[in-house]
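Enquirer: The structure under discussion is supplied below as structure tokens; questions concerning it will follow.
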Amino acid sequence: MIALAIPIGLIIGLTLGALGGGGSILTVPALVYLLGQDTQDATTGSLIIVGITAFAGMTAHHRDGRVRVAAGLVFGVLGVGGAYVGSLLSASVAPSVLMSAFSLLMLVVAAMMFARARRGRGSSPAADVGMGEEPILMFRPLFACACPRALKVLITASAAGLLTGFFGVGGGFVVVPALVLALGFTMPVAVGTSLLVIAINSASALFARAGHGVQLDWPLIGVFTLAAIVGSLAGGRLATRVRPERLTAAFTVLLVAVALYTAARSFPQLV
């Protein structure tokens with residue numbers, strides 16, 4: 001099992017580092033169906049893997065100037081409450097229900113990424129550059145009582161935290177679009193900043209699960225995490241060399257395949 005964790009961790013880390021949003025959602029199905037983990041153990045272990053991997057990937061993006069630390073910290077802190085509530089709810093849900101809901105979530109994420117890729121093909125480079133204003137200017141409306149934008153950030157941050165706590169995922173598929181639409185970040189900056197938010201949300205949700213009797217396979221988690229870190233660093237480099245549309249398309253296909261497999265395994269148990 002530990003040997004199998006290496007290629008799986010590399011793939012998940014690669015997608016997380018390159019795309020920021022969506023990559024970590026594969027961690028729980030991989031731990032459950034490929035590595036034989038219990039559902040609650042998998043969602044908790046996923047928080048450790050995803051949180052550490054996101055932080056490592058964030059450092060690479062930060063060196064290249066693609067992380068807005070202040071915005072990421074505020075966004076992450078706003079999601080702490082949601083992460084705590086999601087963790088408490090997850091502990092009371094049957095494994096079959098949790099994985100069935102997880103399969104639906106993956107299909108929703110795949111649809112969101114497909115729609116985002118189509119919008120990206122239709123946007124002009126000039127428009128994309130126009131979104132890359134100075135970070136302090138884009139961050140100021142969060143505190144200047146621009147109420148609709150501030151409310152959008154609060155709701156999105158809480159939703160990302162809730163998903164992180166409930167499913168053990170990073171929630172980057174929610175954070176990345178929010179950073180682009182609410183704070184006006186360019187896509188590369190949104191990807192880099194989302195990794196900081198993911199790390200904060202994962203740590204918050206993990207803290208909420210402490211003392212709930214979860215049995216973790218630490219050697220497996222350690223190997224998985226190290227492989228994912230290597231993959232995330234490679235993914236950060238890949239993001240600067242490969243067209244985002246190609247990365248998103250390949251990942252969307254993989255996500256749909258995993259979602260259908262998860263649904264086929266979990267939905268019959270509901271009957």
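Every chain in the structure tokens takes a letter, A first, then B, and so on in the order presented; its residues are numbered from 1, and the ligands are numbered from 1 following the presented order.
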List every residue of range 21-237 of chain A that DSSP, applied to the backbone, labels as alpha helix (DSSP H), and write the result as a PyMOL selection string.

Expert: chain A and resi 27-29+39-63+69-78+80-90+95-122+125-130+135-139+147-167+172-183+187-209+218-237

Enquirer: Extract, using only C-alpha atoms, all DNA, RNA and protein residues at most 10 Å from Leu4 in chain A, discarding same-chain residues fewer than 3 positions from it, and format them as number ranges by chain.

Expert: A: 1, 7-9, 34-35, 220, 223-224

Enquirer: Tell me which of A:Ser92, A:Gln40, A:Ser202, A:Ser100 sits closest to Gly170 in chain A, counting only C-alpha atoms.

Expert: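 Nearest to Gly170 in chain A: A:Ser202.
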
Enquirer: Per residue of range 3-44 of chain A within 10 Å of range 146-167 of chain A, note the shortest atom pair and the distance in Å to one decimal, counting only C-alpha atoms, and order the rows by chain and increasing residue number, as a Markdown table.

Expert:
| residue | atom | partner | partner_atom | distance |
| --- | --- | --- | --- | --- |
| A:Ile25 | CA | A:Phe167 | CA | 8.6 |
| A:Val28 | CA | A:Phe167 | CA | 8.0 |
| A:Thr39 | CA | A:Phe167 | CA | 9.7 |
| A:Gln40 | CA | A:Phe167 | CA | 9.3 |
| A:Ala42 | CA | A:Phe167 | CA | 9.4 |
| A:Thr43 | CA | A:Phe167 | CA | 6.0 |
| A:Thr44 | CA | A:Phe167 | CA | 8.7 |

Enquirer: Would you mind exporting all heavy atoms of the selected residues as a compact mmCIF listing (two decimals), in the first residue's frame?

Expert:
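Output below, filename out.txt:
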# COMPACT_ATOMS: atom_id res chain seq x y z
N ILE A 25 -9.27 17.13 -4.33
CA ILE A 25 -10.53 16.40 -4.20
C ILE A 25 -10.35 14.92 -4.52
O ILE A 25 -11.18 14.09 -4.17
CB ILE A 25 -11.61 17.03 -5.12
CG1 ILE A 25 -13.00 16.64 -4.64
CG2 ILE A 25 -11.40 16.62 -6.57
CD1 ILE A 25 -14.11 17.38 -5.35
N VAL A 28 -9.33 11.85 -1.07
CA VAL A 28 -10.21 10.97 -0.30
C VAL A 28 -10.58 9.70 -1.08
O VAL A 28 -10.44 8.59 -0.53
CB VAL A 28 -11.48 11.72 0.16
CG1 VAL A 28 -12.48 10.75 0.78
CG2 VAL A 28 -11.11 12.80 1.17
N THR A 39 -13.56 5.57 5.77
CA THR A 39 -13.98 6.88 5.26
C THR A 39 -13.59 8.02 6.20
O THR A 39 -13.04 9.04 5.77
CB THR A 39 -15.51 6.91 5.04
OG1 THR A 39 -15.87 5.86 4.14
CG2 THR A 39 -15.93 8.25 4.46
N GLN A 40 -13.85 7.87 7.50
CA GLN A 40 -13.50 8.93 8.44
C GLN A 40 -11.99 9.10 8.56
O GLN A 40 -11.48 10.22 8.65
CB GLN A 40 -14.11 8.63 9.82
CG GLN A 40 -15.62 8.82 9.89
CD GLN A 40 -16.04 10.25 9.60
OE1 GLN A 40 -15.35 11.21 9.95
NE2 GLN A 40 -17.18 10.42 8.93
N ALA A 42 -9.92 8.46 6.19
CA ALA A 42 -9.47 9.04 4.92
C ALA A 42 -9.71 10.54 4.87
O ALA A 42 -8.84 11.30 4.43
CB ALA A 42 -10.19 8.36 3.75
N THR A 43 -10.89 10.99 5.32
CA THR A 43 -11.17 12.43 5.27
C THR A 43 -10.27 13.20 6.24
O THR A 43 -9.88 14.33 5.96
CB THR A 43 -12.65 12.71 5.60
OG1 THR A 43 -13.00 12.08 6.84
CG2 THR A 43 -13.55 12.18 4.50
N THR A 44 -9.93 12.57 7.37
CA THR A 44 -9.02 13.23 8.31
C THR A 44 -7.59 13.21 7.79
O THR A 44 -6.88 14.23 7.84
CB THR A 44 -9.07 12.54 9.69
OG1 THR A 44 -10.42 12.55 10.17
CG2 THR A 44 -8.19 13.28 10.69

Enquirer: Please compute the CA of Ile2 in chain A-CA of Trp218 in chain A distance, one decimal, in Å.

Expert: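 Between CA of Ile2 in chain A and CA of Trp218 in chain A the gap works out to 10.5 Å.
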
Enquirer: Show me a table, sorted first by chain and then by increasing residue number, of the residues of range 170-218 of chain A having an atom at most 9 Å from range 103-121 of chain A, each with its shortest atom pair and the distance in Å to one decimal, counting only C-alpha atoms and written as a Markdown table.

Expert:
| residue | atom | partner | partner_atom | distance |
| --- | --- | --- | --- | --- |
| A:Phe173 | CA | A:Val109 | CA | 6.7 |
| A:Val174 | CA | A:Val109 | CA | 8.7 |
| A:Pro177 | CA | A:Arg116 | CA | 8.5 |

Enquirer: Which residues, written as JSON, numbers by chain, have at least one atom at most 9 Å from range 190-193 of chain A, with only C-alpha atoms counted and residues fewer than 6 positions away on the same chain left out?

Expert: {"A": [17, 18, 19, 20, 21, 57, 58, 59, 60, 61, 62, 65, 66, 67, 68, 69, 71, 72, 172, 175, 176, 177, 178, 179, 180, 184, 236]}

Enquirer: Those residues you just picked out, can you put them in a file as a CSV table (one decimal), in the first residue's frame with N, CA and C atoms?

Expert:
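Generated output (selection.csv):
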chain,number,residue,atom,x,y,z
A,17,GLY,N,-0.7,21.7,-7.3
A,17,GLY,CA,0.3,22.7,-7.6
A,17,GLY,C,0.0,23.5,-8.9
A,18,ALA,N,-0.5,22.8,-9.9
A,18,ALA,CA,-0.7,23.4,-11.2
A,18,ALA,C,-2.0,24.1,-11.3
A,19,LEU,N,-3.0,23.6,-10.6
A,19,LEU,CA,-4.4,24.2,-10.8
A,19,LEU,C,-4.9,24.9,-9.6
A,20,GLY,N,-4.3,24.6,-8.4
A,20,GLY,CA,-4.8,25.3,-7.2
A,20,GLY,C,-6.1,24.8,-6.7
A,21,GLY,N,-7.1,24.7,-7.6
A,21,GLY,CA,-8.4,24.3,-7.2
A,21,GLY,C,-8.7,22.9,-7.9
A,57,GLY,N,3.4,23.9,-1.8
A,57,GLY,CA,3.2,24.4,-3.1
A,57,GLY,C,3.1,25.9,-3.1
A,58,MET,N,2.5,26.5,-2.1
A,58,MET,CA,2.4,27.9,-1.9
A,58,MET,C,3.7,28.6,-1.9
A,59,THR,N,4.7,28.0,-1.2
A,59,THR,CA,6.0,28.6,-1.2
A,59,THR,C,6.6,28.8,-2.5
A,60,ALA,N,6.4,27.8,-3.4
A,60,ALA,CA,7.0,27.9,-4.8
A,60,ALA,C,6.3,29.1,-5.5
A,61,HIS,N,5.0,29.2,-5.4
A,61,HIS,CA,4.2,30.3,-6.0
A,61,HIS,C,4.6,31.6,-5.4
A,62,HIS,N,4.9,31.6,-4.1
A,62,HIS,CA,5.3,32.9,-3.4
A,62,HIS,C,6.6,33.4,-4.0
A,65,GLY,N,6.1,35.4,-6.9
A,65,GLY,CA,5.2,36.6,-6.8
A,65,GLY,C,3.8,36.3,-7.1
A,66,ARG,N,3.3,35.1,-6.9
A,66,ARG,CA,1.9,34.8,-7.2
A,66,ARG,C,1.1,34.5,-6.0
A,67,VAL,N,1.5,35.0,-4.8
A,67,VAL,CA,0.7,34.8,-3.6
A,67,VAL,C,0.4,36.2,-3.0
A,68,ARG,N,-0.8,36.5,-2.7
A,68,ARG,CA,-1.2,37.7,-1.9
A,68,ARG,C,-1.4,37.3,-0.5
A,69,VAL,N,-0.4,37.4,0.3
A,69,VAL,CA,-0.5,36.8,1.7
A,69,VAL,C,-1.6,37.4,2.5
A,71,ALA,N,-4.4,38.9,1.7
A,71,ALA,CA,-5.8,38.4,1.2
A,71,ALA,C,-6.0,37.0,1.6
A,72,GLY,N,-5.0,36.1,1.4
A,72,GLY,CA,-5.1,34.7,1.7
A,72,GLY,C,-5.3,34.4,3.1
A,172,GLY,N,-10.3,24.5,-3.0
A,172,GLY,CA,-9.7,25.5,-3.9
A,172,GLY,C,-10.6,25.7,-5.1
A,175,VAL,N,-12.4,28.6,-3.9
A,175,VAL,CA,-11.6,29.7,-3.6
A,175,VAL,C,-11.0,30.4,-4.8
A,176,VAL,N,-10.5,29.6,-5.8
A,176,VAL,CA,-9.9,30.3,-7.0
A,176,VAL,C,-10.9,31.2,-7.7
A,177,PRO,N,-12.1,30.7,-8.1
A,177,PRO,CA,-13.0,31.6,-8.8
A,177,PRO,C,-13.4,32.8,-7.9
A,178,ALA,N,-13.5,32.6,-6.6
A,178,ALA,CA,-13.8,33.7,-5.7
A,178,ALA,C,-12.8,34.8,-5.7
A,179,LEU,N,-11.5,34.4,-5.7
A,179,LEU,CA,-10.4,35.3,-5.7
A,179,LEU,C,-10.4,36.1,-7.0
A,180,VAL,N,-10.7,35.4,-8.1
A,180,VAL,CA,-10.7,36.1,-9.4
A,180,VAL,C,-11.9,37.1,-9.5
A,184,GLY,N,-10.6,40.4,-7.9
A,184,GLY,CA,-10.0,40.8,-9.2
A,184,GLY,C,-8.6,40.3,-9.4
A,236,GLY,N,3.8,23.5,-9.7
A,236,GLY,CA,4.0,25.0,-9.8
A,236,GLY,C,4.8,25.4,-11.0

Enquirer: Could you check the closest approach to Ala3 in chain A for each of A:Ala56, A:Ala182, A:Ala227, A:Val74 and tell me which residue wins, using only C-alpha atoms?

Expert: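 Residue with the minimum atom-to-atom distance to Ala3 in chain A: A:Ala227.
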